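For reference, protein-v8.txt (compact mmCIF, C-alpha atoms and all ligand atoms):
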```txt
# COMPACT_ATOMS: atom_id res chain seq x y z
CA MET A 187 111.30 116.45 91.21
CA ILE A 188 107.58 117.08 91.12
CA GLY A 189 105.24 116.01 88.34
CA THR A 190 105.23 113.98 85.17
CA GLU A 191 103.67 115.15 81.93
CA VAL A 192 101.96 112.19 80.29
CA SER A 193 101.66 112.35 76.52
CA GLY A 194 99.93 110.10 74.02
CA ILE A 195 97.08 109.22 76.38
CA ASP A 196 93.45 110.13 75.71
CA LEU A 197 91.58 110.15 79.01
CA ALA A 198 88.31 109.70 77.12
CA GLY A 199 89.37 106.47 75.53
CA PRO A 200 90.31 103.03 76.69
CA ILE A 201 93.70 102.93 78.40
CA SER A 202 95.56 99.64 78.43
CA ALA A 203 96.64 98.03 81.69
CA ARG A 204 100.26 98.48 80.62
CA ASP A 205 99.87 102.23 80.01
CA PHE A 206 97.90 102.61 83.21
CA ASP A 207 100.55 100.82 85.26
CA ARG A 208 103.27 103.03 83.81
CA MET A 209 101.43 106.23 84.61
CA TYR A 210 100.47 104.93 88.07
CA ALA A 211 104.13 104.27 88.85
CA ALA A 212 105.12 107.75 87.60
CA TRP A 213 102.36 109.27 89.71
CA LEU A 214 103.55 107.56 92.90
CA ASP A 215 107.08 108.60 92.06
CA THR A 216 106.46 112.28 91.27
CA THR A 217 103.13 112.99 93.06
CA ILE A 218 101.34 114.68 90.13
CA LEU A 219 100.47 113.75 86.56
CA LEU A 220 99.68 116.32 83.88
CA PHE A 221 97.63 115.45 80.78
CA ARG A 222 97.37 118.18 78.15
CA ARG A 223 94.89 118.68 75.28
CA GLN A 224 92.13 116.52 76.74
CA SER A 225 88.44 116.79 75.95
CA ILE A 226 86.45 114.74 78.42
CA THR A 227 82.88 114.58 79.61
CA PRO A 228 82.11 114.42 83.34
CA GLN A 229 81.35 110.70 82.95
CA GLN A 230 84.69 110.08 81.25
CA GLN A 231 86.44 111.94 84.07
CA ILE A 232 84.59 109.74 86.59
CA ASP A 233 85.48 106.56 84.70
CA PHE A 234 89.17 107.44 84.50
CA SER A 235 89.30 108.55 88.15
CA ARG A 236 87.71 105.28 89.28
CA ARG A 237 90.73 103.40 88.03
CA PHE A 238 92.60 104.94 90.97
CA GLY A 239 89.97 104.00 93.56
CA GLU A 240 86.47 104.67 94.85
CA LEU A 241 85.21 108.22 94.41
CA LEU A 242 83.97 110.47 97.17
CA VAL A 243 80.45 111.67 96.50
CA TYR A 244 79.39 115.16 97.47
CA THR A 245 75.71 114.36 97.79
CA ARG A 246 75.02 117.32 100.05
CA SER A 247 77.28 119.80 98.32
CA GLU A 248 75.70 122.69 96.47
CA ASN A 249 78.87 122.65 94.34
CA ALA A 250 78.37 119.16 92.91
CA LEU A 251 77.62 118.89 89.20
CA PRO A 252 73.90 118.14 88.70
CA GLY A 253 73.51 114.49 87.71
CA HIS A 254 77.11 113.73 88.68
CA PRO A 255 77.48 114.04 92.45
CA GLU A 256 81.07 112.71 92.21
CA VAL A 257 82.09 115.86 90.32
CA LEU A 258 82.81 119.04 92.26
CA VAL A 259 82.53 122.25 90.25
CA LEU A 260 85.01 125.06 90.92
CA SER A 261 83.96 128.10 88.96
CA ASN A 262 83.04 131.78 88.94
CA LEU A 263 80.23 131.11 86.43
CA ALA A 264 76.50 131.13 87.08
CA ARG A 265 73.61 129.25 85.50
CA ASP A 266 70.01 130.40 85.90
CA GLY A 267 71.25 133.11 88.25
CA LYS A 268 72.89 130.60 90.60
CA PRO A 269 76.62 129.92 91.06
CA MET A 270 77.64 126.79 89.14
CA GLY A 271 80.25 125.89 91.71
CA SER A 272 82.56 127.12 94.38
CA PRO A 273 84.03 130.43 93.17
CA ALA A 274 87.21 130.90 95.20
CA SER A 275 88.27 127.64 96.79
CA GLY A 276 91.64 126.51 97.94
CA ARG A 277 93.49 129.83 97.79
CA TYR A 278 95.71 128.75 100.67
CA TRP A 279 98.12 125.82 100.86
CA HIS A 280 96.26 122.66 101.80
CA THR A 281 95.85 119.00 101.18
CA ASP A 282 92.30 117.88 100.43
CA GLY A 283 90.28 116.58 103.35
CA HIS A 284 93.08 116.94 105.91
CA TYR A 285 90.33 117.24 108.54
CA LEU A 286 88.80 113.84 107.66
CA LYS A 287 89.52 110.59 109.45
CA CYS A 288 90.21 109.01 106.06
CA PRO A 289 91.46 111.86 103.86
CA PRO A 290 91.18 111.42 100.08
CA ALA A 291 94.13 109.74 98.40
CA ALA A 292 93.95 111.78 95.21
CA SER A 293 92.15 114.49 93.28
CA LEU A 294 91.80 114.95 89.53
CA LEU A 295 91.18 118.49 88.30
CA TYR A 296 90.11 119.13 84.71
CA GLY A 297 90.24 122.64 83.28
CA ALA A 298 87.33 123.10 80.88
CA GLU A 299 87.65 126.90 80.73
CA VAL A 300 90.56 128.85 82.13
CA PRO A 301 91.41 132.56 82.36
CA PRO A 302 94.24 134.01 80.26
CA SER A 303 96.22 134.83 83.39
CA GLY A 304 95.99 133.95 87.06
CA GLY A 305 93.90 131.03 88.32
CA ASP A 306 97.10 128.93 88.49
CA THR A 307 97.49 125.95 90.77
CA TRP A 308 100.67 125.51 92.78
CA PHE A 309 101.83 122.12 94.02
CA ALA A 310 104.39 121.42 96.74
CA ASN A 311 106.15 118.08 96.96
CA MET A 312 105.90 117.16 100.62
CA GLN A 313 108.06 114.06 100.29
CA ALA A 314 110.92 116.07 98.84
CA ALA A 315 110.44 118.63 101.60
CA TYR A 316 110.54 115.96 104.30
CA GLU A 317 113.62 114.34 102.81
CA ALA A 318 115.44 117.71 102.72
CA LEU A 319 114.88 118.42 106.42
CA ALA A 320 117.84 118.43 108.79
CA ALA A 321 118.32 115.10 110.57
CA GLU A 322 117.62 116.67 113.97
CA THR A 323 114.35 118.15 112.72
CA LYS A 324 113.25 114.71 111.51
CA VAL A 325 114.02 113.27 114.94
CA ARG A 326 112.04 116.12 116.53
CA ILE A 327 108.91 115.60 114.42
CA ASP A 328 108.79 111.86 113.61
CA GLY A 329 105.95 110.14 115.48
CA ARG A 330 104.31 113.47 116.44
CA GLN A 331 100.63 114.24 115.88
CA ILE A 332 98.99 117.54 115.02
CA ILE A 333 95.41 118.54 115.66
CA ILE A 334 93.63 119.60 112.49
CA SER A 335 90.72 121.86 113.35
CA ARG A 336 88.35 123.43 110.84
CA VAL A 337 87.16 125.69 113.62
CA LYS A 338 90.70 127.00 114.13
CA SER A 339 91.50 127.25 110.42
CA ARG A 340 88.39 129.22 109.41
CA PRO A 341 89.71 132.72 110.27
CA TYR A 342 93.07 131.97 108.65
CA ASN A 343 91.72 130.54 105.43
CA TYR A 344 88.45 132.44 105.06
CA PRO A 345 88.97 135.79 106.82
CA ASN A 346 85.87 137.25 105.15
CA LYS A 347 83.49 134.50 106.18
CA PRO A 348 81.34 134.92 109.28
CA ALA A 349 82.46 133.33 112.54
CA VAL A 350 81.97 129.58 112.94
CA THR A 351 78.42 128.81 114.06
CA PRO A 352 77.57 126.45 116.94
CA GLU A 353 76.24 123.98 114.32
CA GLU A 354 79.51 124.05 112.38
CA ARG A 355 81.49 123.69 115.58
CA ALA A 356 79.48 120.60 116.47
CA ALA A 357 79.88 119.12 112.97
CA TRP A 358 83.65 119.72 112.75
CA PRO A 359 85.46 117.64 115.37
CA ASP A 360 89.19 118.09 115.84
CA MET A 361 91.12 115.48 113.88
CA PRO A 362 94.52 114.21 115.02
CA GLN A 363 96.82 113.52 112.08
CA PRO A 364 100.44 112.40 111.89
CA LEU A 365 102.81 115.31 111.28
CA VAL A 366 104.92 112.99 109.14
CA ARG A 367 102.89 110.72 106.92
CA THR A 368 104.01 107.41 105.46
CA HIS A 369 102.78 106.71 101.95
CA PRO A 370 100.76 103.47 102.05
CA LYS A 371 102.00 102.36 98.60
CA THR A 372 105.64 103.40 98.62
CA GLY A 373 106.58 103.70 102.30
CA ARG A 374 108.08 107.15 101.62
CA LYS A 375 107.60 109.77 104.29
CA ALA A 376 106.06 113.19 103.68
CA LEU A 377 105.38 116.26 105.76
CA TYR A 378 101.65 116.33 106.45
CA VAL A 379 101.61 119.76 107.89
CA GLY A 380 98.95 121.67 105.94
CA GLY A 381 99.48 125.32 105.20
CA ASN A 382 98.65 128.69 106.62
CA VAL A 383 97.44 127.53 110.04
CA PRO A 384 99.69 127.06 113.10
CA TRP A 385 98.24 123.66 114.04
CA ASN A 386 98.81 122.38 117.56
CA VAL A 387 101.40 119.68 117.97
CA VAL A 388 100.16 117.21 120.57
CA GLY A 389 102.15 117.43 123.79
CA MET A 390 104.01 120.61 122.84
CA ALA A 391 103.62 124.08 124.36
CA GLU A 392 101.65 126.43 122.10
CA THR A 393 104.49 128.87 121.42
CA GLU A 394 106.88 126.06 120.49
CA SER A 395 104.22 124.34 118.43
CA ASP A 396 103.25 127.51 116.52
CA ALA A 397 106.89 128.26 115.69
CA LEU A 398 107.62 124.70 114.58
CA ILE A 399 104.56 124.37 112.34
CA THR A 400 105.05 127.80 110.79
CA ASP A 401 108.70 126.98 110.04
CA LEU A 402 107.82 123.60 108.51
CA GLN A 403 105.13 125.15 106.31
CA ALA A 404 107.52 127.85 105.11
CA PHE A 405 110.24 125.24 104.50
CA ALA A 406 107.92 122.97 102.48
CA THR A 407 106.67 125.72 100.19
CA GLN A 408 110.07 127.02 99.05
CA PRO A 409 110.29 127.33 95.26
CA ARG A 410 112.61 124.31 95.05
CA PHE A 411 109.72 122.03 96.13
CA VAL A 412 106.98 123.79 94.15
CA TYR A 413 105.58 123.41 90.66
CA VAL A 414 103.37 126.25 89.39
CA HIS A 415 100.81 125.09 86.86
CA ARG A 416 99.52 127.69 84.40
CA TRP A 417 96.37 126.14 83.01
CA GLN A 418 95.50 125.69 79.37
CA ALA A 419 91.93 124.65 78.57
CA GLY A 420 91.90 120.85 78.30
CA ASP A 421 94.56 120.24 80.95
CA ALA A 422 93.91 117.60 83.58
CA ILE A 423 96.05 117.12 86.67
CA LEU A 424 95.96 114.20 89.06
CA TRP A 425 97.65 114.84 92.39
CA ASP A 426 98.42 112.63 95.35
CA ASN A 427 97.10 114.17 98.55
CA ARG A 428 99.37 111.89 100.58
CA SER A 429 102.52 113.45 99.21
CA SER A 430 101.65 116.98 98.09
CA MET A 431 99.90 120.21 99.02
CA HIS A 432 98.33 122.64 96.57
CA ARG A 433 96.79 126.07 96.34
CA ALA A 434 94.96 128.09 93.71
CA THR A 435 95.77 131.70 92.82
CA ALA A 436 93.40 134.59 92.21
CA TYR A 437 92.32 135.80 88.76
CA ASP A 438 90.07 138.45 87.28
CA GLU A 439 86.73 136.88 88.12
CA VAL A 440 84.72 139.77 86.73
CA ASN A 441 86.10 139.65 83.20
CA HIS A 442 87.25 136.05 82.79
CA ARG A 443 85.79 132.57 83.06
CA ARG A 444 87.17 129.61 84.97
CA LEU A 445 85.35 126.29 84.93
CA MET A 446 87.07 123.35 86.60
CA TYR A 447 85.75 119.90 87.42
CA ARG A 448 87.26 117.89 90.26
CA THR A 449 86.87 114.25 91.14
CA THR A 450 88.19 113.06 94.48
CA ILE A 451 89.46 109.56 95.13
CA ALA A 452 88.89 108.02 98.54
CA GLY A 453 91.84 107.22 100.76
CA GLU A 454 92.83 105.53 103.95
CA GLN A 455 93.54 106.71 107.47
CA ALA A 456 96.92 108.44 107.55
CA PHE A 457 99.75 106.83 109.51
C1 LIG B 1 91.47 122.69 94.83
O1 LIG B 1 92.00 123.19 95.81
O2 LIG B 1 91.06 121.54 94.81
C2 LIG B 1 91.30 123.51 93.57
C3 LIG B 1 92.53 124.13 93.08
C4 LIG B 1 92.23 125.05 91.93
O3 LIG B 1 91.08 125.46 91.71
O4 LIG B 1 93.17 125.40 91.21
```

Step by step, read the file and then write its structure as structure tokens.
Amino acid sequence: MIGTEVSGIDLAGPISARDFDRMYAAWLDTTILLFRRQSITPQQQIDFSRRFGELLVYTRSENALPGHPEVLVLSNLARDGKPMGSPASGRYWHTDGHYLKCPPAASLLYGAEVPPSGGDTWFANMQAAYEALAAETKVRIDGRQIIISRVKSRPYNYPNKPAVTPEERAAWPDMPQPLVRTHPKTGRKALYVGGNVPWNVVGMAETESDALITDLQAFATQPRFVYVHRWQAGDAILWDNRSSMHRATAYDEVNHRRLMYRTTIAGEQAF
């Protein structure tokens, strides 16, 4: 199972400790929470997100919301002739900040304006995928590390962007991550395999590694592990980056508007 729809909660208002604890438990259990019909300001989104942990601040990001550096804007809209946010992010399967030493634990995405079709977000339950693997595959991958490399992923994930510059190469060190991740709160294991890029498995020949990673990514994104969210304006979704992957789909960016605000909750080193 992936996802819990939470009803009767107003993210703008005070939320009792009892209600919070119940939704927190459901979130750990099902990896995403959906809240419909919300109407929240950026500050209210920040305040609610902070109940889950410290927020990451995008002080140097041109996509941060002015006055609220904790809020990342994902949008095709422009203000004063400048893009308001990142127009086409996350169109490939990924988990946020996989390339960081301490990847974010969670992300909360609020849909302020959404297109009538397309612009969906897909979520894959990586715990369910891990648990469904054959026993011999688990033995083969448990304890393994993969090398996450933004330099390597660039041509896969952004084929239209220019080649990685020497400055980017210097700023983006390779990051070893466990291929199977243990959730720090529940102890459940999840595939932590990213999507779309044949990451190198440490100590494995490249051909074997490529085949293994590609197979695991395909396995984890089968429809039985995936929830497709078709946004309505006012939806908010909180996902757990330690137990899920996600991706956004394309939409008609010329004729329709999409304005999403994301807060990102700090996490711990993966193990
Ligand atoms: C993201 O990858 O964080 C954004 C997903 C989306 O825009 O639907």

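The residue set within 12 Å of A:Gln331, counting only C-alpha atoms and dropping same-chain residues fewer than 6 places from it, reads Met361, Pro362, Gln363, Pro364, Leu365, Val366, Arg367, Leu377, Tyr378, Val379, Trp385, Asn386, Val387, Val388, Gly389, Met390, Ser395, Ile399, Ala456 and Phe457 of chain A.
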
Between atom CA of A:Thr307 and atom CA of A:Trp213, what is the distance in Å, rounded to a tenth? 17.4 Å

Let me have all residues with an atom within 10 Å of ligand LIG 1 (chain B), counting all atoms listed in the file, laid out as a PyMOL selection string. chain A and resi 258-261+272-283+293-297+304-309+415-417+423+425+431-436+444-450

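You will find atom CA of A:Ala397 at 18.7 Å from atom CA of A:Met312.
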
Pick out the residues sitting within 10 Å of A:Gln313, and hand them over as a ChimeraX atom specification; count all atoms listed in the file, and ignore anything fewer than 3 positions along from it in its own chain. /A:187-188,215-217,310,316-318,366-369,374-378,406,411,428-430

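Going from atom CA of A:Pro370 to atom CA of A:Gln455 covers 9.6 Å.
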
Size and centre in Å, one decimal, axis-aligned box, all listed stretch 288-294 of chain A atoms plus 5 Å per side, as lines of an AutoDock Vina configuration file:
```
center_x = 92.2
center_y = 112.0
center_z = 97.8
size_x = 13.9
size_y = 15.9
size_z = 26.5
```

Tell me, as a PDB file with C-alpha atoms, in the frame of the given file, which residues lie within 9 Å of stretch 440-442 of chain A, counting all atoms listed in the file; anything in the same chain fewer than 2 positions away does not count.
```
ATOM      1  CA  ASN A 262      83.040 131.780  88.940  1.00  0.00           C
ATOM      2  CA  VAL A 300      90.560 128.850  82.130  1.00  0.00           C
ATOM      3  CA  PRO A 301      91.410 132.560  82.360  1.00  0.00           C
ATOM      4  CA  PRO A 302      94.240 134.010  80.260  1.00  0.00           C
ATOM      5  CA  TYR A 437      92.320 135.800  88.760  1.00  0.00           C
ATOM      6  CA  ASP A 438      90.070 138.450  87.280  1.00  0.00           C
ATOM      7  CA  ARG A 444      87.170 129.610  84.970  1.00  0.00           C
TER       8      ARG A 444
END
```

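When all atoms listed in the file are used to compute distances to A:Gly189, the closest of the residues A:Ala356, A:Ile327, A:Val337, A:Val412 turns out to be A:Val412.
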